[in-house]
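S.K.: Quick one: the structure is below, and I'll ask about it shortly.
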2 protein chains.
Amino acid sequence: MSAVFAECLPQARFAVLSGPSFALEVCQGQPTLVVAAATNEANARDAQQIFATPRFRVYTHDDVVGVELAGALKNVIAIAAGISDGLGMGHNPRAALITRGLAEITRLGLALGANPLTFAGLAGMGDLILTATGDLSRNRALGVAVAQGQTLEQYRTTHRTVAEGANTSLAGAALGAKTQVELPIIEKVGEVLFDGKPARQGMTELMARELKSEQWR
Amino acid sequence: MSAVFAECLPQARFAVLSGPSFALEVCQGQPTLVVAAATNEANARDAQQIFATPRFRVYTHDDVVGVELAGALKNVIAIAAGISDGLGMGHNPRAALITRGLAEITRLGLALGANPLTFAGLAGMGDLILTATGDLSRNRALGVAVAQGQTLEQYRTTHRTVAEGANTSLAGAALGAKTQVELPIIEKVGEVLFDGKPARQGMTELMARELKSEQWR
């Protein structure tokens, strides 16, 4: 979105609000911590002033690209986690998948100039944990449904909510190709959702080939 | 444990095995990924050879201190997550707590010579996600029970399993004092378990005071 602003509304003042924040829980008044990122600190502070309440705490942040990437791509990893859950796989493989997923996002972020520490914070790891393990996650729910045999098309006709990670898997894979960063989990989600690859086959390929080493890059 | 080996069995060859691995799921044959860390690569490879199966995959690692710290201290953060769950708090605050908890562990690891990337891997983030969100976690279960009014003593008399994070909260706080690293979540868990601080009060204090900024340190 920041690239769109730069192109279409170059004079716009904006900040990016992101973090582990299921909307329902925000409405319930559950303590929620998010970040507001802007390249100009005054804009981040203004966003903080506008949104912050005692139970919705907004911290200023300066890594717009990192926060945007984390917020978008965590949805794709959540679909992968949902596929794992929907196939009846356990917590052990899901935890490995989420961990490797954040490593993928971090690699891409580094290539695009983000600060790697952003991905260890609320907008990165925090939001990923929420989205990949929480029952309220629309993207995880899509993964579960696909693992149980639905196609993306079928799912979309029966659900009014938006599981934005589906399209993001394609956008993420394109960014990976452009920057020559390997994104095996994100690419595999795209293959399952759009190329008709069976969910179980996709997960087996990932577990066998891509989760091959405990390496940061 | 590596310090104990160095002191008591200086000639011992050992490696440290850790990662997201609920024992029940390992028995069920769920794909499980762990690391074997040793200062001497040959020892790590030997441990890998001994334990690895196609469904229990062992990756060699060289950061013994980081893997040990992550494996021990994640239990304390899991107790905190259990307290949050037991108090009826939602996924939003729990995700924030887990994120800040890993930041604490990473800070302490840095002070003790660990590699910060270890905490972003299977033995760090991976195991923490598993332990802090999974129903099979003994430490999380202790936190839930304490939040619902049990004392640590009562819990221990009615459960034969070991929630080792209780004692680790004291050991972790002592290490933090020794290295002058602030560990607010770990310290608060110790106060709730051993000093009679009500769970809700401890969590309120954490949310109000310690989760105050999106900062790495």
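We label chains A, B, ... in the order they appear in the structure tokens, count residues from 1 in each chain, and number ligands from 1 in the order shown.
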Would you tabulate, counting only C-alpha atoms, all residues of range 174-213 of chain A that have an atom at most 9 Å from an atom of range 110-123 of chain A, showing the closest pair of atoms and their distance in Å to one decimal, sorted by chain then ascending number, as CSV?

M.R.:
```
residue,atom,partner,partner_atom,distance
A:Thr179,CA,A:Ala111,CA,6.6
A:Gln180,CA,A:Ala111,CA,8.7
A:Val181,CA,A:Ala111,CA,7.6
```

S.K.: Kindly export the residues of the current selection with N, CA, C and O atoms, as an mmCIF file, in the first residue's frame.

M.R.:
```
data_model
loop_
_atom_site.group_PDB
_atom_site.id
_atom_site.type_symbol
_atom_site.label_atom_id
_atom_site.label_comp_id
_atom_site.auth_asym_id
_atom_site.auth_seq_id
_atom_site.Cartn_x
_atom_site.Cartn_y
_atom_site.Cartn_z
ATOM 1 N N THR A 179 12.874 -10.789 -6.403
ATOM 2 C CA THR A 179 14.030 -10.514 -5.541
ATOM 3 C C THR A 179 14.943 -11.725 -5.389
ATOM 4 O O THR A 179 15.921 -11.672 -4.649
ATOM 5 N N GLN A 180 14.589 -12.826 -6.060
ATOM 6 C CA GLN A 180 15.368 -14.072 -5.988
ATOM 7 C C GLN A 180 15.496 -14.593 -4.555
ATOM 8 O O GLN A 180 16.566 -15.034 -4.129
ATOM 9 N N VAL A 181 14.401 -14.515 -3.823
ATOM 10 C CA VAL A 181 14.347 -15.068 -2.469
ATOM 11 C C VAL A 181 13.457 -16.307 -2.503
ATOM 12 O O VAL A 181 12.349 -16.250 -3.031
#
```

S.K.: Report the closest atom pair, with its distance in Å rounded to one decimal, for each residue of chain B that has an atom no farther than 7 Å from chain A; count only C-alpha atoms, sort by chain and then rising residue number, and write it as a Markdown table.

M.R.:
```
| residue | atom | partner | partner_atom | distance |
| --- | --- | --- | --- | --- |
| B:Pro20 | CA | A:Asn92 | CA | 5.4 |
| B:Ser21 | CA | A:Asn92 | CA | 5.4 |
| B:Phe22 | CA | A:Asn92 | CA | 6.5 |
| B:Glu25 | CA | A:Gly90 | CA | 6.6 |
| B:Gln30 | CA | A:Gly90 | CA | 6.2 |
| B:Pro31 | CA | A:Pro93 | CA | 5.5 |
| B:Thr32 | CA | A:Asn92 | CA | 5.4 |
| B:Leu33 | CA | A:Ala96 | CA | 6.5 |
| B:Tyr59 | CA | A:Ser213 | CA | 6.2 |
| B:Met89 | CA | A:Gln30 | CA | 6.6 |
| B:Gly90 | CA | A:Gln30 | CA | 6.2 |
| B:His91 | CA | A:Leu130 | CA | 6.4 |
| B:Asn92 | CA | A:Ser21 | CA | 5.4 |
| B:Pro93 | CA | A:Pro31 | CA | 5.5 |
| B:Ala95 | CA | A:Gly126 | CA | 5.2 |
| B:Ala96 | CA | A:Gly126 | CA | 5.8 |
| B:Thr99 | CA | A:Gly126 | CA | 5.3 |
| B:Gly121 | CA | A:Thr99 | CA | 6.3 |
| B:Leu122 | CA | A:Ala96 | CA | 6.3 |
| B:Met125 | CA | A:Thr99 | CA | 6.4 |
| B:Gly126 | CA | A:Ala95 | CA | 5.2 |
| B:Ile129 | CA | A:Ala95 | CA | 6.3 |
| B:Leu130 | CA | A:Ala95 | CA | 5.8 |
| B:Gly134 | CA | A:His91 | CA | 6.9 |
| B:Ser213 | CA | A:Tyr59 | CA | 6.2 |
| B:Glu214 | CA | A:Tyr59 | CA | 6.2 |
```

S.K.: Kindly assemble as a Markdown table a list of the range 53-106 of chain B residues that lie within 9 Å of range 188-196 of chain B, each paired with its nearest atom pair and their distance in Å to one decimal, using only C-alpha atoms, sorted first by chain and then by ascending residue number.

M.R.:
```
| residue | atom | partner | partner_atom | distance |
| --- | --- | --- | --- | --- |
| B:Val76 | CA | B:Val189 | CA | 7.0 |
| B:Ile77 | CA | B:Val189 | CA | 8.2 |
| B:Ile79 | CA | B:Val189 | CA | 7.2 |
| B:Ala80 | CA | B:Val189 | CA | 6.3 |
| B:Ile83 | CA | B:Val189 | CA | 8.9 |
```

S.K.: Would you write out those residues with N, CA, C and O atoms, as a CSV table (one decimal), in the first residue's frame?

M.R.:
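After the write, out_21.csv holds the following:
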```csv
chain,number,residue,atom,x,y,z
B,76,VAL,N,8.5,-20.9,31.2
B,76,VAL,CA,8.1,-19.8,32.0
B,76,VAL,C,7.1,-19.0,31.3
B,76,VAL,O,6.0,-18.6,31.8
B,77,ILE,N,7.4,-18.7,30.0
B,77,ILE,CA,6.5,-17.9,29.2
B,77,ILE,C,5.2,-18.7,29.0
B,77,ILE,O,4.1,-18.1,28.9
B,79,ILE,N,3.8,-20.7,31.1
B,79,ILE,CA,3.0,-20.5,32.3
B,79,ILE,C,2.3,-19.1,32.3
B,79,ILE,O,1.1,-19.0,32.6
B,80,ALA,N,3.0,-18.1,31.8
B,80,ALA,CA,2.3,-16.8,31.7
B,80,ALA,C,1.2,-16.8,30.7
B,80,ALA,O,0.1,-16.3,30.9
B,83,ILE,N,-1.7,-18.5,32.3
B,83,ILE,CA,-2.4,-17.5,33.3
B,83,ILE,C,-3.3,-16.6,32.5
B,83,ILE,O,-4.5,-16.4,32.9
```

S.K.: Quick one, how far is CA of Asn40 in chain B from CA of Phe14 in chain B?

M.R.: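 Distance between the two atoms: 8.9 Å.
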
S.K.: For Gly66 in chain A, work out the shell of residues within 6 Å, counting only C-alpha atoms and skipping chain neighbours fewer than 2 positions away, then give it as a PyMOL selection string.

M.R.: chain A and resi 63-64+68-69+109+114

S.K.: I need the strand (DSSP E or B) residues of range 11-206 of chain A per DSSP on the backbone, written as an NGL selection string.

M.R.: :A and (16-18 or 32-37 or 53 or 56-61)

S.K.: Please save N, CA, C and O atoms of the selected residues as a PDB file, in the first residue's frame.

M.R.:
```pdb
ATOM      1  N   VAL A  16       0.846   2.976   8.943  1.00  0.00           N
ATOM      2  CA  VAL A  16       0.398   1.600   8.766  1.00  0.00           C
ATOM      3  C   VAL A  16       0.140   1.006  10.141  1.00  0.00           C
ATOM      4  O   VAL A  16       1.044   0.934  10.971  1.00  0.00           O
ATOM      5  N   LEU A  17      -1.106   0.598  10.371  1.00  0.00           N
ATOM      6  CA  LEU A  17      -1.496   0.057  11.675  1.00  0.00           C
ATOM      7  C   LEU A  17      -1.555  -1.460  11.577  1.00  0.00           C
ATOM      8  O   LEU A  17      -2.264  -2.002  10.714  1.00  0.00           O
ATOM      9  N   SER A  18      -0.820  -2.179  12.427  1.00  0.00           N
ATOM     10  CA  SER A  18      -0.794  -3.645  12.314  1.00  0.00           C
ATOM     11  C   SER A  18      -0.383  -4.265  13.640  1.00  0.00           C
ATOM     12  O   SER A  18       0.248  -3.623  14.477  1.00  0.00           O
ATOM     13  N   THR A  32      -5.109  -5.122  23.692  1.00  0.00           N
ATOM     14  CA  THR A  32      -4.568  -5.368  22.360  1.00  0.00           C
ATOM     15  C   THR A  32      -3.429  -4.403  22.089  1.00  0.00           C
ATOM     16  O   THR A  32      -3.552  -3.210  22.373  1.00  0.00           O
ATOM     17  N   LEU A  33      -2.325  -4.929  21.570  1.00  0.00           N
ATOM     18  CA  LEU A  33      -1.131  -4.118  21.322  1.00  0.00           C
ATOM     19  C   LEU A  33      -0.799  -4.161  19.840  1.00  0.00           C
ATOM     20  O   LEU A  33      -0.622  -5.238  19.276  1.00  0.00           O
ATOM     21  N   VAL A  34      -0.722  -2.994  19.224  1.00  0.00           N
ATOM     22  CA  VAL A  34      -0.392  -2.915  17.795  1.00  0.00           C
ATOM     23  C   VAL A  34       0.665  -1.839  17.584  1.00  0.00           C
ATOM     24  O   VAL A  34       1.013  -1.099  18.506  1.00  0.00           O
ATOM     25  N   VAL A  35       1.164  -1.772  16.357  1.00  0.00           N
ATOM     26  CA  VAL A  35       2.116  -0.714  16.017  1.00  0.00           C
ATOM     27  C   VAL A  35       1.521   0.172  14.921  1.00  0.00           C
ATOM     28  O   VAL A  35       0.695  -0.279  14.120  1.00  0.00           O
ATOM     29  N   ALA A  36       1.954   1.444  14.912  1.00  0.00           N
ATOM     30  CA  ALA A  36       1.632   2.373  13.819  1.00  0.00           C
ATOM     31  C   ALA A  36       2.966   2.793  13.217  1.00  0.00           C
ATOM     32  O   ALA A  36       3.762   3.462  13.871  1.00  0.00           O
ATOM     33  N   ALA A  37       3.199   2.374  11.977  1.00  0.00           N
ATOM     34  CA  ALA A  37       4.488   2.634  11.343  1.00  0.00           C
ATOM     35  C   ALA A  37       4.355   3.728  10.297  1.00  0.00           C
ATOM     36  O   ALA A  37       3.403   3.748   9.515  1.00  0.00           O
ATOM     37  N   THR A  53      -6.403   3.726  22.840  1.00  0.00           N
ATOM     38  CA  THR A  53      -7.242   3.771  24.033  1.00  0.00           C
ATOM     39  C   THR A  53      -6.486   2.968  25.100  1.00  0.00           C
ATOM     40  O   THR A  53      -5.489   2.319  24.785  1.00  0.00           O
ATOM     41  N   PHE A  56      -6.470  -0.478  23.754  1.00  0.00           N
ATOM     42  CA  PHE A  56      -5.969  -0.669  22.385  1.00  0.00           C
ATOM     43  C   PHE A  56      -4.728   0.204  22.290  1.00  0.00           C
ATOM     44  O   PHE A  56      -4.812   1.408  22.024  1.00  0.00           O
ATOM     45  N   ARG A  57      -3.594  -0.419  22.542  1.00  0.00           N
ATOM     46  CA  ARG A  57      -2.370   0.360  22.697  1.00  0.00           C
ATOM     47  C   ARG A  57      -1.588   0.363  21.398  1.00  0.00           C
ATOM     48  O   ARG A  57      -1.343  -0.672  20.791  1.00  0.00           O
ATOM     49  N   VAL A  58      -1.231   1.554  20.979  1.00  0.00           N
ATOM     50  CA  VAL A  58      -0.588   1.752  19.676  1.00  0.00           C
ATOM     51  C   VAL A  58       0.834   2.268  19.907  1.00  0.00           C
ATOM     52  O   VAL A  58       1.015   3.326  20.517  1.00  0.00           O
ATOM     53  N   TYR A  59       1.815   1.539  19.423  1.00  0.00           N
ATOM     54  CA  TYR A  59       3.206   1.948  19.559  1.00  0.00           C
ATOM     55  C   TYR A  59       3.728   2.436  18.223  1.00  0.00           C
ATOM     56  O   TYR A  59       3.474   1.806  17.190  1.00  0.00           O
ATOM     57  N   THR A  60       4.460   3.520  18.250  1.00  0.00           N
ATOM     58  CA  THR A  60       5.000   4.043  16.997  1.00  0.00           C
ATOM     59  C   THR A  60       6.160   3.162  16.533  1.00  0.00           C
ATOM     60  O   THR A  60       6.845   2.516  17.325  1.00  0.00           O
ATOM     61  N   HIS A  61       6.343   3.149  15.230  1.00  0.00           N
ATOM     62  CA  HIS A  61       7.308   2.257  14.584  1.00  0.00           C
ATOM     63  C   HIS A  61       7.769   2.963  13.315  1.00  0.00           C
ATOM     64  O   HIS A  61       7.027   3.778  12.755  1.00  0.00           O
TER      65      HIS A  61
END
```

S.K.: Give me, please, the distance in Å between CA of Tyr155 in chain A and CA of Arg138 in chain A, quoted to one decimal.

M.R.: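 One can read the CA of Tyr155 in chain A to CA of Arg138 in chain A distance as 11.2 Å.
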
S.K.: Any idea what the distance is between CA of Ile185 in chain A and CA of Ala141 in chain A?

M.R.: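 Those two atoms sit 17.2 Å apart.
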
S.K.: Identify which of the residues A:Gln11, A:Thr161, A:Ser84, A:Gln49 lies closest to Gln148 in chain A, counting only C-alpha atoms when measuring atom-to-atom distances.

M.R.: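 Closest to Gln148 in chain A of all the choices is A:Ser84.
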
S.K.: Assign secondary structure with DSSP using the backbone only, and return the residues of range 20-199 of chain B in helix (DSSP H, G or I) as a VMD selection string.

M.R.: chain B and resid 23 to 28 41 to 51 64 to 86 91 to 111 116 to 120 122 to 133 138 to 147 152 to 158 165 to 179 184 to 194 199
